[in-house]
Amino acid sequence: MTTAPVLTARGLTKSFFGVRVLDEVSIEVRPGEVHGLVGENGAGKSTLMKILAGVYQPDDGEIHLAGEQVAFAHPIDAMHAGVATVFQEFNLLPDRTVAQNVFLGREPRRRGVVDVREMARRTQHVLDELGVTSVRPRDRVGSLSVAQQQVVEIAKALSHDAKVISMDEPTAALAAHEVELLYRIVRSLAERGVGVLYVSHRLKEVFDLCDTITVLKDGRLVSSGPADELGPDELVRRMVGRSIDTYFPGPLEGTERGTELLRVTGGGNAWVDGIDLSLRAGEITAVAGLQGSGRTELAEAIFGIRPFTRGSVEVGGRRVRVTSPRHAARLGIALITEDRKATGLSLAQSILDNVLLVIRGVFPRRTAHVRREADALMARLELSTDRLDREVQLLSGGNQQKVVLGKWLATRPRVVILDEPTRGIDVGAKVAVYDVIRSLAREGVAICMISSELPELLGIADRVLVMRDGRLVAELAPSATEEEVLRHAAGAEVSA
Amino acid sequence: MNRLRSLDPTVVVYLALVAALAIGALLVSTVGRNFFSAGNVRDILTGMSVLGLVAIGQTLVVLCSSLDLSVPVVISLSSLLAATTMAGDPARIVPAVLLTLAVAAAIGMFNGLVVTKLRVNGFIATLGTGLIVKGYLDTQYKGTAGTVPWEFQLLGATGLGPVPVSTILMLALATLVWFVLARTRVGHQMFAVGGDPVVARLSGLHVARPVIVAHVVCSLTAAGAGLLLASRLGVGSPTVGSQGGYDLLSIAAVVLGGTLLLGGRGSVWGTIGGVAIFAVLDNVMSVMQVNPFLKDIVRGVVIVAAVAVYTRRTLHAHRPRFGVGGPTDDGPVLGPADGAPATGQLPPAEEVAR
């Protein structure tokens with residue numbers, strides 16, 4: 001590591017609403033290195049990235065690019081200077097083509113007229129460089145899979161001739177087999193001398209990919225150094241101040257299978273089929289599967305969003321037909337949805353209003369009671385804010401997820417379905433979510449948890465169901481290996 | 001229905017137009033008239049040109065996720081400015097037209113700046129502008145004013161065969177706007193800003209510029225409509241715009257043409273198709289001497305039905321995997337699937353076992 005850094009930031013400081021979210025943070029990114037940026041949510045990673053992208057302007061501190069001091073007043077300045085950013089939320093226009101998205105705002109022109117053919121050619125060139133064949137310049141972005149859209153995002157960054165590419169949680173929305181493609185792309189970027197700033201909550205990825213790791217905590221720099229000098233335990237300790245042993249709660253000792261609370265027999269609709277599922281009190285059932293395997297659709301079928309049109313459903317031994325989320329909530333079923341911002345929260349409302357959302361709508365008579373209990377409820381979730389009147393959109397991802405949990409726990413559900421409950425949240429918040437799941441199970445709630453993170457599933461579940469092409473294809477014990485789960489999920493035992 | 005879904009909305013609009021033409025021709029023939037006679041075709045095309053001009057500009061504004069409710073007063077003001085400046089003198093046609101366009105551009109600029117810099121919602125901003133200009137018109141003009149010279153009246157009266165010059169101008173403008181949308185940066189930026197302003201900003205776009213351009217162009221096309229109306233009437237009128245209801249009718253034509261009211265998706269040719277559908281409906285009902293109130297009812301039904309069709313088309317985010325027993329084609333993505341209730345579809349064996 002003798003090369004001069006391509007990007008140097010010194011003493012970056014930023015406050016929002018009087019709260020200092022970034023405090024004198026310095027970072028150096030060298031050409032050809034993959035630089036991991038880790039820390040809990042609220043540690044300041046996103047703020048740092050957005051300052052480097054020109055989205056926010058720092059209150060103090062300076063940025064040097066290839067030795068020259070720069071100031072980004074607008075994202076366009078950062079791009080012109082060669083700093084490209086792949087944000088966690090995709091910045092793509094679903095109604096436009098791949099080429100139109102890649103060259104948005106910089107469409108190649110000939111005599112003032114956009115040269116459509118040249119635009120397609122150059123987009124194809126970038127896609128070829130990335131080694132991607134499944135995406136074509138004229139495809140409409142909205143018709144692509146999440147992983148393919150991710151590729152378009154990267155192609156967009158790459159087409160800027162970026163010297164530095166920062167990526168915020170690039171694998172958050174990807175299934176396991178799609179992560180490989182991303183790894184390959186990140187490595188090839190580094191080989192070409194691009195400095196990659198890589199933000200991730202998945203420690204395995206950070207160790208797989210990164211040469212250097214910078215740790216942030218509470219807006220301050222904890223450490224920055226070569227990755228091989230750090231072990232996973234040490235890294236987690238630096239991030240949260242606790243060891244990795246507590247990362248997963250571990251298998252529950254002496255599971256007592258309670259009564260059956262929900263039973264689906266031969267359930268099916270347009271998206272899932274042949275579903276036989278039994279959820280028991282005190283049991284944590286995990287559902288694994290690749291992106292698009294029908295996991296979310298299964299949850300939505302049970303919860304009445306896309307009701308089963310075949311088969312039968314019993315809740316608490318009584319045969320029912322769940323036709324709407326309202327109906328499901330009345331039956332004591334809760335669904336923590338995959339996308340908390342879009343479908344879990346009313347972002348402009350307060351924590352308290354969100355917690356009371358279902359109660360007010362479905363169980364209005366319990367509103368006053370729940371309002372009194374709200375403090376205790378949020379304390380149980382370790383929500384690290386004492387002001388229940390804060391707007392939810394101002395909270396970190398982890399705390400937002402706790403609000404979603406609180407909203408459903410307030411209804412005292414008997415069956416809780418969680419769809420990717422730890423996506424995009426930090427280790428500390430993950431542990432809090434795991435703790436809540438365990439304690440709910442202990443209290444006799446039936447849990448069904450959907451997740452893309454296999455270590456998490458195997459670490460917490462009492463049994464693991466694997467979904468593929470809309471059907472449940474296997475039931476495994478938590479002692480199963482990740483490879484076994486993947487083999488069923490990807491259908492390898494059929495093709496092999 | 002399934003095949004309809006995969007089609008481009010613009011194609012659907014023109015299919016609907018063909019259907020409207022066929023039904024219109026049939027109905028008109030029942031009263032012993034020829035729908036496709038040169039005179040009737042000219043009537044339809046003439047009916048298209050004014051609304052077409054306004055709707056072309058409105059398309060850009062709607063694409064940018066804004067609205068322009070000030071078009072009626074811009075039309076009236078333009079007709080008055082043109083007619084009073086010309087004052088019957090052919091030599092003053094050119095300065096009058098330039099003055100009218102300049103004033104309209106200024107109004108559009110004002111709209112665009114209020115929407116982008118003061119961040120006032122387009123609906124409210126242009127409603128306000130409309131009221132301001134209306135107040136000015138009401139205090140300055142008691143009735144029609146000015147005189148349009150004969151030479152300028154020709155603009156609204158001549159044609160090439162059955163095709164009026166005004167329609168040709170309107171279609172030429174539509175072609176120009178299509179080119180701007182498809183082949184210029186500002187056009188691409190309009191789709192981007194209307195589709196998702198955050199994405200646009202993070203992609204390095206100046207978010208305000210395309211919105212301002214759209215508002216200026218919209219006011220200019222409204223001014224064009226005002227000039228055209230002045231040439232037809234021979235005078236300027238303070239009420240010609242509001243009587244035509246061009247604000248809501250142009251928005252309706254844009255939406256009927258498949259442009260998303262929220263912006264980011266649409267096409268100018270779709271809008272022209274929407275305008276043509278309105279023109280055909282109006283013509284058929286005039287020829288059939290239908291009660292004018294029924295006309296509005298028909299227009300209303302067409303607008304609502306069109307949007308309902310488009311909404312269905314955009315709702316299939318998750319592709320169904322299993323056809324058997326499930327909703328076959330029109331299954332809504334949210335809410336209970338139509339068809340028989342789930343319990344009714346249980347296999348008999350299941351029922352017996354129970």
# chains A, B, ... in the order shown; residues from 1 in each chain; ligands from 1
>>> residues_around(residues="Leu69 of chain B", least_positions_apart="2", cutoff="8 Å", atoms="only C-alpha atoms", output="ChimeraX atom specification")
/B:67,71-72,123,126-127,130,247-248
>>> write_last_selection(atoms="N, CA and C atoms", output="compact mmCIF listing (two decimals), in the first residue's frame")
# COMPACT_ATOMS: atom_id res chain seq x y z
N LEU B 67 -48.76 20.58 -13.50
CA LEU B 67 -50.01 20.81 -14.24
C LEU B 67 -50.04 22.26 -14.64
N VAL B 71 -53.80 27.81 -18.68
CA VAL B 71 -53.91 27.89 -20.14
C VAL B 71 -55.14 28.67 -20.63
N PRO B 72 -56.32 28.56 -20.01
CA PRO B 72 -57.46 29.31 -20.57
C PRO B 72 -57.22 30.81 -20.58
N PHE B 123 -50.37 22.60 -9.55
CA PHE B 123 -51.82 22.83 -9.54
C PHE B 123 -52.14 24.19 -8.95
N THR B 126 -50.31 27.40 -10.84
CA THR B 126 -50.91 27.86 -12.09
C THR B 126 -52.36 28.30 -11.87
N LEU B 127 -53.00 27.76 -10.84
CA LEU B 127 -54.33 28.25 -10.47
C LEU B 127 -54.19 29.72 -10.07
N GLY B 130 -53.40 31.88 -13.04
CA GLY B 130 -54.63 32.00 -13.82
C GLY B 130 -55.53 33.07 -13.24
N ASP B 247 -58.35 24.11 -19.89
CA ASP B 247 -57.45 23.61 -18.84
C ASP B 247 -57.71 22.13 -18.56
N LEU B 248 -58.94 21.83 -18.15
CA LEU B 248 -59.22 20.45 -17.77
C LEU B 248 -59.33 19.54 -19.00
>>> residues_around(residues="Arg184 of chain A", least_positions_apart="3", cutoff="12 Å", atoms="only C-alpha atoms", output="JSON, numbers by chain")
{"A": [129, 130, 131, 132, 151, 177, 178, 179, 180, 181, 187, 188, 189, 190, 191, 208, 209]}
>>> write_last_selection(atoms="C-alpha atoms", output="PDB file, in the first residue's frame")
ATOM      1  CA  GLU A 129     -16.753  -4.737 -19.440  1.00  0.00           C
ATOM      2  CA  LEU A 130     -18.818  -5.910 -16.482  1.00  0.00           C
ATOM      3  CA  GLY A 131     -19.191  -9.287 -18.163  1.00  0.00           C
ATOM      4  CA  VAL A 132     -22.981  -9.071 -18.052  1.00  0.00           C
ATOM      5  CA  VAL A 151     -25.915  -4.066 -12.554  1.00  0.00           C
ATOM      6  CA  HIS A 177     -26.328 -16.637  -5.985  1.00  0.00           C
ATOM      7  CA  GLU A 178     -26.541 -13.089  -7.307  1.00  0.00           C
ATOM      8  CA  VAL A 179     -23.947 -11.868  -4.837  1.00  0.00           C
ATOM      9  CA  GLU A 180     -21.262 -13.787  -6.758  1.00  0.00           C
ATOM     10  CA  LEU A 181     -21.797 -11.579  -9.799  1.00  0.00           C
ATOM     11  CA  ARG A 187     -12.968  -7.190  -7.984  1.00  0.00           C
ATOM     12  CA  SER A 188     -12.682  -6.269 -11.644  1.00  0.00           C
ATOM     13  CA  LEU A 189     -13.253  -2.608 -10.761  1.00  0.00           C
ATOM     14  CA  ALA A 190     -10.392  -2.766  -8.270  1.00  0.00           C
ATOM     15  CA  GLU A 191      -8.156  -4.473 -10.794  1.00  0.00           C
ATOM     16  CA  ASP A 208     -14.280 -11.593   1.411  1.00  0.00           C
ATOM     17  CA  LEU A 209     -13.792  -8.411  -0.553  1.00  0.00           C
TER      18      LEU A 209
END
>>> closest_residue(among="A:Ala43, A:Ile450, A:Leu357, A:Ala157", to="chain B", atoms="only C-alpha atoms")
A:Ala157
>>> select_by_dssp(residues="segment 94-322 of chain B", states="strand (DSSP E or B)", output="NGL selection string")
:B and (145 or 159-160 or 163-164 or 236)
>>> closest_residue(among="B:Gln289, B:Gln189, B:Ser231, B:Thr311", to="chain A", atoms="only C-alpha atoms")
B:Gln189
